[in-house]
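Structure file model35.txt with compact mmCIF, C-alpha atoms and all ligand atoms:
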# COMPACT_ATOMS: atom_id res chain seq x y z
CA MET N 26 -221.36 52.85 74.01
CA PRO N 27 -220.90 54.68 70.68
CA GLU N 28 -223.57 57.17 69.61
CA LYS N 29 -226.15 55.62 67.33
CA LYS N 30 -227.90 58.52 65.76
CA ILE N 31 -225.39 60.37 63.64
CA LEU N 32 -226.95 61.28 60.36
CA ILE N 33 -230.45 62.53 60.58
CA LYS N 34 -231.83 63.02 64.03
CA GLU N 35 -229.10 64.76 66.02
CA GLU N 36 -227.74 67.29 63.70
CA ILE N 37 -229.27 68.91 60.66
CA ARG N 38 -226.14 70.29 59.12
CA GLU N 39 -226.15 73.83 57.99
CA ILE N 40 -223.98 75.33 55.33
CA GLN N 41 -221.87 77.12 57.97
CA GLY N 42 -220.66 73.74 59.31
CA PHE N 43 -218.74 71.87 56.63
CA LYS N 44 -216.08 70.87 59.15
CA GLY N 45 -215.55 67.58 57.33
CA LEU N 46 -214.78 69.40 54.10
CA GLU N 47 -212.40 71.75 55.90
CA LYS N 48 -210.54 68.77 57.34
CA ALA N 49 -210.48 66.96 53.96
CA LEU N 50 -209.05 69.98 52.17
CA SER N 51 -206.22 70.16 54.72
CA MET N 52 -205.24 66.63 53.64
CA SER N 53 -204.03 65.21 50.32
CA PRO N 54 -206.56 63.25 48.19
CA ASP N 55 -204.53 60.09 48.96
CA ASP N 56 -204.90 60.69 52.69
CA VAL N 57 -208.64 61.32 52.37
CA ILE N 58 -208.98 57.98 50.56
CA SER N 59 -206.89 56.24 53.25
CA GLU N 60 -209.18 57.68 55.96
CA ILE N 61 -212.30 56.44 54.15
CA LYS N 62 -210.68 53.02 53.66
CA ALA N 63 -209.76 52.87 57.37
CA SER N 64 -213.33 53.76 58.35
CA GLY N 65 -214.62 50.61 56.62
CA LEU N 66 -217.40 52.58 54.86
CA ARG N 67 -219.24 50.39 52.34
CA GLY N 68 -221.88 51.33 49.77
CA ARG N 69 -225.38 51.85 51.13
CA GLY N 70 -227.13 51.45 47.76
CA GLY N 71 -227.39 47.67 48.03
CA ALA N 72 -224.19 46.02 46.81
CA GLY N 73 -221.98 47.07 49.76
CA PHE N 74 -218.75 47.61 47.83
CA PRO N 75 -215.92 49.12 49.95
CA CYS N 76 -216.03 52.82 49.26
CA GLY N 77 -212.36 53.81 49.66
CA MET N 78 -211.20 50.96 47.41
CA LYS N 79 -213.51 52.13 44.64
CA TRP N 80 -212.40 55.74 44.99
CA GLU N 81 -208.76 54.69 44.81
CA LEU N 82 -209.33 53.03 41.42
CA ALA N 83 -210.76 56.25 39.96
CA HIS N 84 -208.16 58.41 41.69
CA LYS N 85 -205.33 56.37 40.18
CA ALA N 86 -206.83 56.24 36.68
CA PRO N 87 -204.58 58.24 34.31
CA GLU N 88 -207.40 60.14 32.54
CA LYS N 89 -207.75 63.82 33.43
CA GLU N 90 -211.52 63.93 33.09
CA LYS N 91 -213.38 62.02 35.83
CA TYR N 92 -216.95 62.05 37.03
CA LEU N 93 -218.80 61.62 40.29
CA ILE N 94 -222.43 60.51 40.30
CA CYS N 95 -224.70 60.53 43.32
CA ASN N 96 -227.29 57.81 42.87
CA ALA N 97 -230.54 59.35 44.11
CA ASP N 98 -232.76 57.14 41.95
CA GLU N 99 -234.13 55.27 44.98
CA GLY N 100 -236.47 53.11 42.93
CA GLU N 101 -236.16 50.08 45.18
CA VAL N 102 -239.50 48.97 46.54
CA GLY N 103 -239.99 49.99 50.19
CA THR N 104 -236.94 52.28 50.20
CA PHE N 105 -237.34 55.94 51.17
CA LYS N 106 -234.27 56.85 53.27
CA ASP N 107 -232.50 58.81 50.50
CA ARG N 108 -235.55 61.00 50.11
CA TYR N 109 -235.34 61.70 53.85
CA LEU N 110 -231.69 62.75 53.56
CA LEU N 111 -232.26 64.81 50.40
CA GLN N 112 -235.15 66.60 52.02
CA LYS N 113 -233.88 67.04 55.58
CA ASN N 114 -230.14 67.30 55.15
CA PRO N 115 -229.10 68.23 51.57
CA PHE N 116 -225.95 70.03 52.76
CA LEU N 117 -224.63 66.84 54.34
CA LEU N 118 -224.90 65.13 50.95
CA LEU N 119 -223.38 68.06 49.07
CA GLU N 120 -220.48 68.25 51.53
CA GLY N 121 -219.93 64.50 51.00
CA MET N 122 -219.99 65.00 47.23
CA ILE N 123 -217.47 67.85 47.34
CA ILE N 124 -215.10 65.75 49.49
CA THR N 125 -215.48 62.74 47.18
CA ALA N 126 -214.88 64.82 44.05
CA TYR N 127 -211.75 66.27 45.67
CA ALA N 128 -210.48 62.77 46.59
CA ILE N 129 -210.99 61.23 43.13
CA GLY N 130 -210.18 64.35 41.08
CA ALA N 131 -213.58 64.98 39.49
CA THR N 132 -214.66 68.42 38.33
CA ILE N 133 -218.16 67.46 37.20
CA ALA N 134 -220.65 65.71 39.47
CA TYR N 135 -224.23 64.63 38.84
CA ILE N 136 -227.10 63.95 41.18
CA TYR N 137 -229.32 61.42 39.38
CA LEU N 138 -232.67 62.28 40.92
CA ARG N 139 -235.60 59.91 40.85
CA ASP N 140 -238.42 61.20 38.62
CA GLU N 141 -240.89 60.97 41.51
CA TYR N 142 -238.64 63.28 43.60
CA HIS N 143 -239.13 66.16 41.16
CA TYR N 144 -240.60 68.19 44.03
CA LEU N 145 -237.15 68.21 45.67
CA LEU N 146 -235.43 69.67 42.61
CA GLU N 147 -235.86 73.36 43.44
CA ASP N 148 -234.58 73.04 47.01
CA LEU N 149 -231.60 70.97 45.85
CA GLU N 150 -230.74 73.55 43.21
CA LYS N 151 -230.93 76.28 45.84
CA ALA N 152 -228.65 74.29 48.15
CA ILE N 153 -226.08 73.81 45.35
CA GLU N 154 -226.23 77.53 44.61
CA LYS N 155 -225.68 78.32 48.31
CA CYS N 156 -222.58 76.10 48.29
CA ARG N 157 -221.32 77.90 45.20
CA MET N 158 -221.92 81.36 46.71
CA LYS N 159 -220.05 80.34 49.87
CA GLY N 160 -217.09 79.26 47.73
CA HIS N 161 -217.29 75.59 48.73
CA LEU N 162 -217.55 74.26 45.17
CA LYS N 163 -214.35 75.81 43.83
CA ASN N 164 -213.92 74.24 40.36
CA LEU N 165 -216.60 71.59 40.89
CA GLU N 166 -219.83 71.77 38.90
CA ILE N 167 -222.79 69.85 40.37
CA LYS N 168 -225.59 69.11 37.90
CA ILE N 169 -228.92 67.45 38.56
CA GLN N 170 -230.19 64.89 36.06
CA GLU N 171 -233.76 63.77 36.56
CA GLY N 172 -234.69 60.15 35.85
CA ALA N 173 -237.79 59.12 33.94
CA GLY N 174 -239.28 56.55 36.30
CA ALA N 175 -237.43 53.35 35.36
CA TYR N 176 -236.38 51.03 38.19
CA ILE N 177 -233.44 49.69 36.15
CA CYS N 178 -231.92 53.19 35.94
CA GLY N 179 -230.91 52.84 39.60
CA GLU N 180 -228.46 50.15 38.43
CA GLU N 181 -225.23 52.02 37.91
CA SER N 182 -224.51 51.16 34.28
CA ALA N 183 -228.11 51.76 33.15
CA LEU N 184 -227.98 55.03 35.08
CA MET N 185 -224.93 56.15 33.12
CA ASN N 186 -226.64 55.22 29.84
CA SER N 187 -229.60 57.32 30.94
CA ILE N 188 -227.41 60.39 31.66
CA GLU N 189 -225.77 59.89 28.24
CA GLY N 190 -229.23 60.06 26.67
CA LYS N 191 -229.25 56.37 25.73
CA ARG N 192 -231.81 53.70 26.48
CA GLY N 193 -231.74 52.72 30.19
CA GLU N 194 -230.15 49.28 29.86
CA SER N 195 -227.38 47.61 31.88
CA ARG N 196 -223.93 47.41 30.32
CA PHE N 197 -221.69 44.37 30.18
CA LYS N 198 -218.98 44.48 32.89
CA PRO N 199 -215.98 44.76 32.87
CA PRO N 200 -215.04 47.52 32.31
CA PHE N 201 -216.27 48.81 35.67
CA PRO N 202 -217.25 52.47 36.13
CA PRO N 203 -214.05 53.55 37.97
CA GLN N 204 -212.18 52.43 34.81
CA LYS N 205 -214.65 53.39 32.06
CA GLY N 206 -217.89 54.90 33.23
CA LEU N 207 -219.84 57.95 32.16
CA PHE N 208 -218.84 59.00 28.63
CA GLN N 209 -216.18 56.24 28.89
CA LYS N 210 -214.33 58.20 31.62
CA PRO N 211 -213.43 57.00 35.14
CA THR N 212 -216.56 57.45 37.24
CA ILE N 213 -217.51 56.98 40.86
CA ILE N 214 -221.15 56.24 41.58
CA ASN N 215 -222.24 56.33 45.19
CA ASN N 216 -225.58 56.23 46.90
CA VAL N 217 -226.99 59.28 48.74
CA GLU N 218 -226.58 57.63 52.15
CA THR N 219 -223.01 56.51 51.40
CA LEU N 220 -221.98 60.06 50.48
CA SER N 221 -223.79 61.46 53.51
CA ASN N 222 -221.53 59.38 55.78
CA VAL N 223 -218.37 60.93 54.33
CA PRO N 224 -218.36 64.39 56.06
CA LEU N 225 -218.85 62.81 59.48
CA ILE N 226 -216.02 60.34 58.92
CA MET N 227 -213.72 63.18 57.89
CA GLU N 228 -214.76 65.36 60.81
CA LYS N 229 -214.77 62.76 63.59
CA GLY N 230 -212.23 60.31 62.19
CA ALA N 231 -212.14 56.75 60.86
CA LYS N 232 -211.60 55.37 64.38
CA TRP N 233 -214.77 56.95 65.70
CA TYR N 234 -216.74 55.56 62.77
CA SER N 235 -215.31 52.06 62.75
CA ALA N 236 -216.00 51.66 66.49
CA MET N 237 -219.65 51.26 65.49
CA GLY N 238 -221.04 48.14 63.84
CA THR N 239 -219.61 44.67 63.21
CA SER N 240 -216.30 43.40 61.81
CA GLU N 241 -217.52 43.61 58.18
CA SER N 242 -220.13 46.37 58.50
CA LYS N 243 -219.10 49.63 60.07
CA GLY N 244 -221.13 52.62 61.18
CA THR N 245 -224.88 52.98 61.20
CA LYS N 246 -227.57 52.25 58.62
CA LEU N 247 -230.83 53.91 57.75
CA PHE N 248 -233.69 51.40 57.60
CA CYS N 249 -237.05 52.07 55.95
CA VAL N 250 -239.71 50.13 57.82
CA SER N 251 -243.10 49.71 56.16
CA GLY N 252 -246.00 47.29 55.90
CA ASP N 253 -247.77 45.73 58.89
CA VAL N 254 -246.30 47.97 61.60
CA LYS N 255 -247.74 50.69 63.85
CA ASN N 256 -244.90 53.17 63.28
CA PRO N 257 -243.55 53.02 59.73
CA GLY N 258 -240.62 55.31 58.96
CA VAL N 259 -236.86 55.78 58.70
CA TYR N 260 -234.82 54.38 61.60
CA GLU N 261 -231.10 54.83 62.09
CA MET N 262 -229.52 51.81 63.79
CA GLU N 263 -226.04 50.60 64.46
CA MET N 264 -224.95 47.98 61.91
CA GLY N 265 -225.43 44.48 63.31
CA CYS N 266 -228.61 45.25 65.25
CA GLN N 267 -231.13 42.43 65.26
CA LEU N 268 -234.12 42.60 62.92
CA GLN N 269 -236.35 42.01 65.97
CA GLU N 270 -234.98 45.16 67.65
CA LEU N 271 -236.04 47.24 64.68
CA LEU N 272 -239.45 45.57 64.48
CA ASP N 273 -240.06 46.28 68.18
CA LEU N 274 -239.34 49.96 67.64
CA ALA N 275 -241.69 50.04 64.66
CA GLY N 276 -244.43 48.13 66.50
CA ALA N 277 -244.73 44.95 64.44
CA GLU N 278 -247.04 42.19 65.69
CA ASN N 279 -248.00 38.73 64.52
CA VAL N 280 -245.25 38.76 61.88
CA LYS N 281 -245.25 35.99 59.26
CA TRP N 282 -242.28 37.17 57.23
CA VAL N 283 -240.14 40.23 56.52
CA GLN N 284 -238.56 41.11 53.20
CA VAL N 285 -235.26 42.90 53.75
CA GLY N 286 -233.58 44.87 50.96
CA GLY N 287 -236.42 45.62 48.56
CA SER N 288 -238.18 43.66 45.82
CA THR N 289 -235.19 41.39 45.17
CA GLY N 290 -234.35 41.18 48.89
CA SER N 291 -234.26 38.13 51.13
CA VAL N 292 -237.37 36.83 52.85
CA ILE N 293 -236.94 36.21 56.58
CA PRO N 294 -239.57 34.06 58.32
CA ALA N 295 -240.83 34.87 61.84
CA LEU N 296 -238.57 32.16 63.33
CA LYS N 297 -235.44 34.02 62.22
CA LEU N 298 -236.13 37.55 63.40
CA ASP N 299 -233.01 37.40 65.56
CA THR N 300 -230.97 37.76 62.32
CA PRO N 301 -228.46 40.63 62.60
CA LEU N 302 -228.75 43.34 59.95
CA ALA N 303 -225.30 43.62 58.36
CA TYR N 304 -223.57 43.00 55.02
CA GLU N 305 -222.35 39.59 56.18
CA THR N 306 -225.91 38.45 56.93
CA ILE N 307 -228.63 40.50 55.25
CA LEU N 308 -228.94 44.18 54.35
CA GLY N 309 -229.55 45.39 50.77
CA SER N 310 -230.91 48.89 50.37
CA GLY N 311 -232.28 49.09 53.92
CA ALA N 312 -235.93 48.36 53.05
CA VAL N 313 -237.67 46.33 55.74
CA MET N 314 -241.17 45.32 54.62
CA VAL N 315 -243.22 43.56 57.25
CA PHE N 316 -246.00 41.07 56.45
CA ASN N 317 -248.29 39.66 59.15
CA ALA N 318 -250.15 36.37 59.35
CA THR N 319 -253.07 37.67 57.27
CA ARG N 320 -250.82 37.90 54.16
CA ASP N 321 -250.52 35.24 51.48
CA VAL N 322 -247.00 34.17 50.47
CA VAL N 323 -247.83 33.10 46.90
CA ASP N 324 -249.78 36.32 46.20
CA PHE N 325 -246.82 38.32 47.52
CA VAL N 326 -244.28 36.52 45.33
CA TYR N 327 -246.54 36.83 42.29
CA ARG N 328 -246.90 40.61 42.74
CA THR N 329 -243.17 41.02 43.38
CA LEU N 330 -242.23 39.11 40.22
CA ALA N 331 -244.85 40.99 38.19
CA PHE N 332 -243.10 44.22 39.23
CA LEU N 333 -239.64 42.90 38.34
CA ASN N 334 -240.89 41.58 35.00
CA GLU N 335 -242.40 44.97 34.19
CA GLU N 336 -239.14 46.70 35.13
CA SER N 337 -236.70 44.30 33.43
CA CYS N 338 -234.87 46.28 30.74
CA GLY N 339 -235.15 43.28 28.40
CA LYS N 340 -231.54 43.32 27.26
CA CYS N 341 -230.60 39.83 28.49
CA THR N 342 -232.67 36.71 27.84
CA PRO N 343 -232.46 35.13 31.33
CA CYS N 344 -234.05 38.19 32.95
CA ARG N 345 -236.45 39.14 30.13
CA GLU N 346 -237.81 35.62 29.57
CA GLY N 347 -237.15 34.27 33.08
CA THR N 348 -239.26 36.86 34.90
CA GLU N 349 -241.95 36.47 32.20
CA VAL N 350 -242.22 32.70 32.72
CA MET N 351 -242.13 33.08 36.51
CA VAL N 352 -245.06 35.48 36.37
CA GLU N 353 -246.90 33.02 34.11
CA ILE N 354 -246.35 30.12 36.55
CA LEU N 355 -247.14 32.15 39.69
CA GLY N 356 -250.16 33.71 37.97
CA ARG N 357 -251.54 30.25 37.27
CA MET N 358 -251.05 29.27 40.91
CA VAL N 359 -252.79 32.42 42.12
CA ASN N 360 -255.69 31.75 39.73
CA GLY N 361 -256.15 28.18 40.98
CA GLU N 362 -254.55 26.56 37.93
CA GLY N 363 -251.27 25.40 39.46
CA VAL N 364 -249.79 21.97 38.68
CA GLN N 365 -247.32 19.81 40.63
CA GLU N 366 -244.37 20.53 38.29
CA ASP N 367 -244.63 24.29 38.93
CA ILE N 368 -242.47 24.21 42.06
CA ASP N 369 -239.60 22.34 40.36
CA ASN N 370 -239.86 24.61 37.32
CA LEU N 371 -239.65 27.73 39.51
CA GLN N 372 -236.60 26.29 41.24
CA ASP N 373 -234.81 25.40 37.95
CA LEU N 374 -235.60 28.75 36.38
CA SER N 375 -234.32 30.56 39.48
CA ASP N 376 -231.01 28.68 39.40
CA THR N 377 -230.49 29.62 35.73
CA MET N 378 -231.32 33.29 36.25
CA VAL N 379 -229.02 33.63 39.27
CA ARG N 380 -226.13 32.30 37.18
CA ALA N 381 -226.84 33.79 33.76
CA ALA N 382 -228.55 37.20 34.06
CA LEU N 383 -226.55 40.27 33.05
CA CYS N 384 -227.12 42.50 36.06
CA GLY N 385 -228.33 42.54 39.64
CA LEU N 386 -232.02 42.74 38.64
CA GLY N 387 -232.15 39.37 36.88
CA GLN N 388 -229.58 37.75 39.19
CA ALA N 389 -231.52 38.68 42.32
CA ALA N 390 -235.10 38.50 41.00
CA PRO N 391 -235.36 34.82 42.04
CA THR N 392 -234.41 35.60 45.68
CA PRO N 393 -238.01 35.98 46.97
CA VAL N 394 -238.99 32.83 45.04
CA LEU N 395 -236.11 30.74 46.41
CA ASP N 396 -236.48 32.04 49.98
CA THR N 397 -240.21 31.45 50.13
CA LEU N 398 -239.79 28.01 48.58
CA ALA N 399 -237.29 27.26 51.35
CA TYR N 400 -239.38 28.62 54.24
CA PHE N 401 -242.97 28.42 53.02
CA ARG N 402 -242.99 25.49 50.62
CA LYS N 403 -246.19 24.22 52.21
CA ASP N 404 -248.00 27.42 51.20
CA TYR N 405 -247.13 26.68 47.57
CA GLU N 406 -248.04 22.99 47.90
CA ASP N 407 -251.38 23.85 49.52
CA ARG N 408 -252.19 26.27 46.71
CA ILE N 409 -251.44 23.59 44.11
CA SER N 410 -253.34 20.80 45.86
CA GLN N 411 -256.36 23.12 46.25
CA SER N 412 -256.19 23.79 42.50
CA VAL N 413 -255.86 20.09 41.67
CA PHE N 414 -258.80 19.30 43.98
CA LEU N 415 -261.03 22.01 42.48
CA ARG N 416 -260.17 20.84 38.96
CA SER N 417 -261.07 17.24 39.83
CA LEU N 418 -264.41 18.43 41.26
CA LYS N 419 -265.07 20.30 38.05
CA THR N 420 -264.35 17.16 36.02
CA ILE N 421 -266.66 15.02 38.19
CA ASN N 422 -269.46 17.60 37.98
CA GLY N 423 -268.88 18.04 34.27
C1 LIG N 501 -231.89 46.86 39.47
C2 LIG N 501 -231.02 47.68 40.37
C3 LIG N 501 -231.50 48.88 40.89
C4 LIG N 501 -230.69 49.67 41.70
N1 LIG N 501 -231.21 50.82 42.20
C5 LIG N 501 -230.43 51.60 42.99
C6 LIG N 501 -230.93 52.84 43.51
O1 LIG N 501 -232.09 53.22 43.28
N2 LIG N 501 -230.10 53.58 44.29
C7 LIG N 501 -228.80 53.18 44.58
O2 LIG N 501 -228.08 53.89 45.27
N3 LIG N 501 -228.31 52.01 44.10
C8 LIG N 501 -229.08 51.23 43.31
N4 LIG N 501 -228.55 50.07 42.79
C9 LIG N 501 -227.14 49.76 43.08
C10 LIG N 501 -226.23 50.50 42.10
O3 LIG N 501 -226.07 49.71 40.91
C11 LIG N 501 -224.81 50.73 42.68
O4 LIG N 501 -224.33 49.54 43.25
C12 LIG N 501 -224.78 51.82 43.74
O5 LIG N 501 -225.34 53.03 43.28
C13 LIG N 501 -223.33 52.09 44.15
O6 LIG N 501 -223.28 53.02 45.20
P1 LIG N 501 -222.84 52.58 46.67
O7 LIG N 501 -221.55 51.82 46.50
O8 LIG N 501 -222.66 53.86 47.40
O9 LIG N 501 -223.92 51.72 47.22
C14 LIG N 501 -229.35 49.25 42.00
C15 LIG N 501 -228.89 48.04 41.48
C16 LIG N 501 -229.71 47.25 40.70
C17 LIG N 501 -229.17 45.96 40.17
Structure rendered as structure tokens:
Amino acid sequence: MPEKKILIKEEIREIQGFKGLEKALSMSPDDVISEIKASGLRGRGGAGFPCGMKWELAHKAPEKEKYLICNADEGEVGTFKDRYLLQKNPFLLLEGMIITAYAIGATIAYIYLRDEYHYLLEDLEKAIEKCRMKGHLKNLEIKIQEGAGAYICGEESALMNSIEGKRGESRFKPPFPPQKGLFQKPTIINNVETLSNVPLIMEKGAKWYSAMGTSESKGTKLFCVSGDVKNPGVYEMEMGCQLQELLDLAGAENVKWVQVGGSTGSVIPALKLDTPLAYETILGSGAVMVFNATRDVVDFVYRTLAFLNEESCGKCTPCREGTEVMVEILGRMVNGEGVQEDIDNLQDLSDTMVRAALCGLGQAAPTPVLDTLAYFRKDYEDRISQSVFLRSLKTING
């Protein structure tokens, strides 16, 4: 049985360690990339892109100037695992960043730190300075750029705009960041957790790492469990574990649904809690928000869409207008003013947004709507018939 707890519980890495970096520096950048590819490591920030493949694109780009960005924006609702790593194990992240910069050929790296994590800034700066004093940084400069509290700035292209001092809006793709990223130079953007996996892969080997997990999802994953549970917190599990296993550890009872992956994540009803948590099934950022039978589905979807509407950058029409109209429709339902056509309109609007929005926010914003319409349609219908009934009473009574 492979070990499960590798990142946070067993070993708080100290600066003296850095065995992964030592091993990486004894190899060529090409060989480091091959090891990461062989490990099967995929991005932990939500999209799950194969890490080594992305690095290879930047490594092979002819430009001399290249950048590495660590995405520590962690704005996704219900997600707090990166904070845990930044706070408890900053040297693991820094070691991962130094290895990644070496592999792709970057001499400047940024940590894009969520505005609300300002209290971590001083300790992170001290940790970077310690690395520099120990000679680990060599010609690499690691800068910290603080965000300003916008959810969209976690999206990689909006994040780069933000570092460049521009408005935090998504860019059209292609070109993709490994081709033309920050300041139009090849750029690798990886999540805190992704980068924190790198030293352990280098130290213990791709074979050790890929023995854990499923065919498409290797290693372990940090899950942030919150909501109606007795023991909320960060749990490290092997990829492919069942959602139920995690809920048992966290002490969830009387579950009605679970939203996995944050505000735009999938909604899993109680009947499907045996779903494995992996890229090929359901994963996202690792947020696992639990809702028990006392919770109202339509209220939940309304609040979720109100958040996404507030956070839409407004650049593309499907997201800007689509989330606005969804909030209008759901708001009417919540206020007892729903009409029969609302369900079909929500469905049509969702289909358009999924296909036409510019970035992941607008494309995935309809997910909670579509999932709850699939699993809890009756909750919507009941809300509407109650509204229709109350309106008819009003008419009769004048
Ligand atoms: C609206 C939106 C918000 C995002 N927020 C974050 C975030 O806070 N942190 C993060 O690592 N990735 C976030 N992402 C994903 C990033 O765009 C990108 O895929 C990720 O940083 C790549 O790193 P990875 O391959 O290591 O996961 C977000 C994506 C979208 C569409």
- Excluding region 107-110 of chain N and any residue of its chain fewer than 2 positions from it, enumerate the residues within 9 Å of it, using only C-alpha atoms, and give them as a ChimeraX atom specification. /N:32-33,97-99,104-105,112-115,117-118,142,145,216-218,221,247,259
- Message: Here is a test: counting all atoms listed in the file, which residue of N:His84, N:Arg380, N:Lys155, N:Arg139 is nearest to Cys178 (chain N)?
- Response: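 Ranked by minimum distance to Cys178 (chain N), first place goes to N:Arg139.
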- Task: Set the cut-off to 9 Å, count all atoms listed in the file, and list whatever residues fall near ligand LIG 501 (chain N) as number ranges by chain.
- Result: N: 67-76, 79, 94-101, 104, 107, 139, 176-184, 195, 213-220, 289, 310, 333, 336-337, 384-389
- Task: For Ile123 (chain N), please output as a PyMOL selection string all residues within 10 Å (counting only C-alpha atoms; exclusion window: fewer than 5 positions along the same chain).
- Result: chain N and resi 46+49-50+93+118+128+131-132+134+156+161-163+165-167+220+223-224
- Message: Calculated over all atoms listed in the file, which of the candidates N:Glu81, N:Asp373, N:Glu241, N:Glu150 has the smallest distance to Ile307 (chain N)?
- Response: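 Closest residue, counting all atoms listed in the file: N:Glu241.
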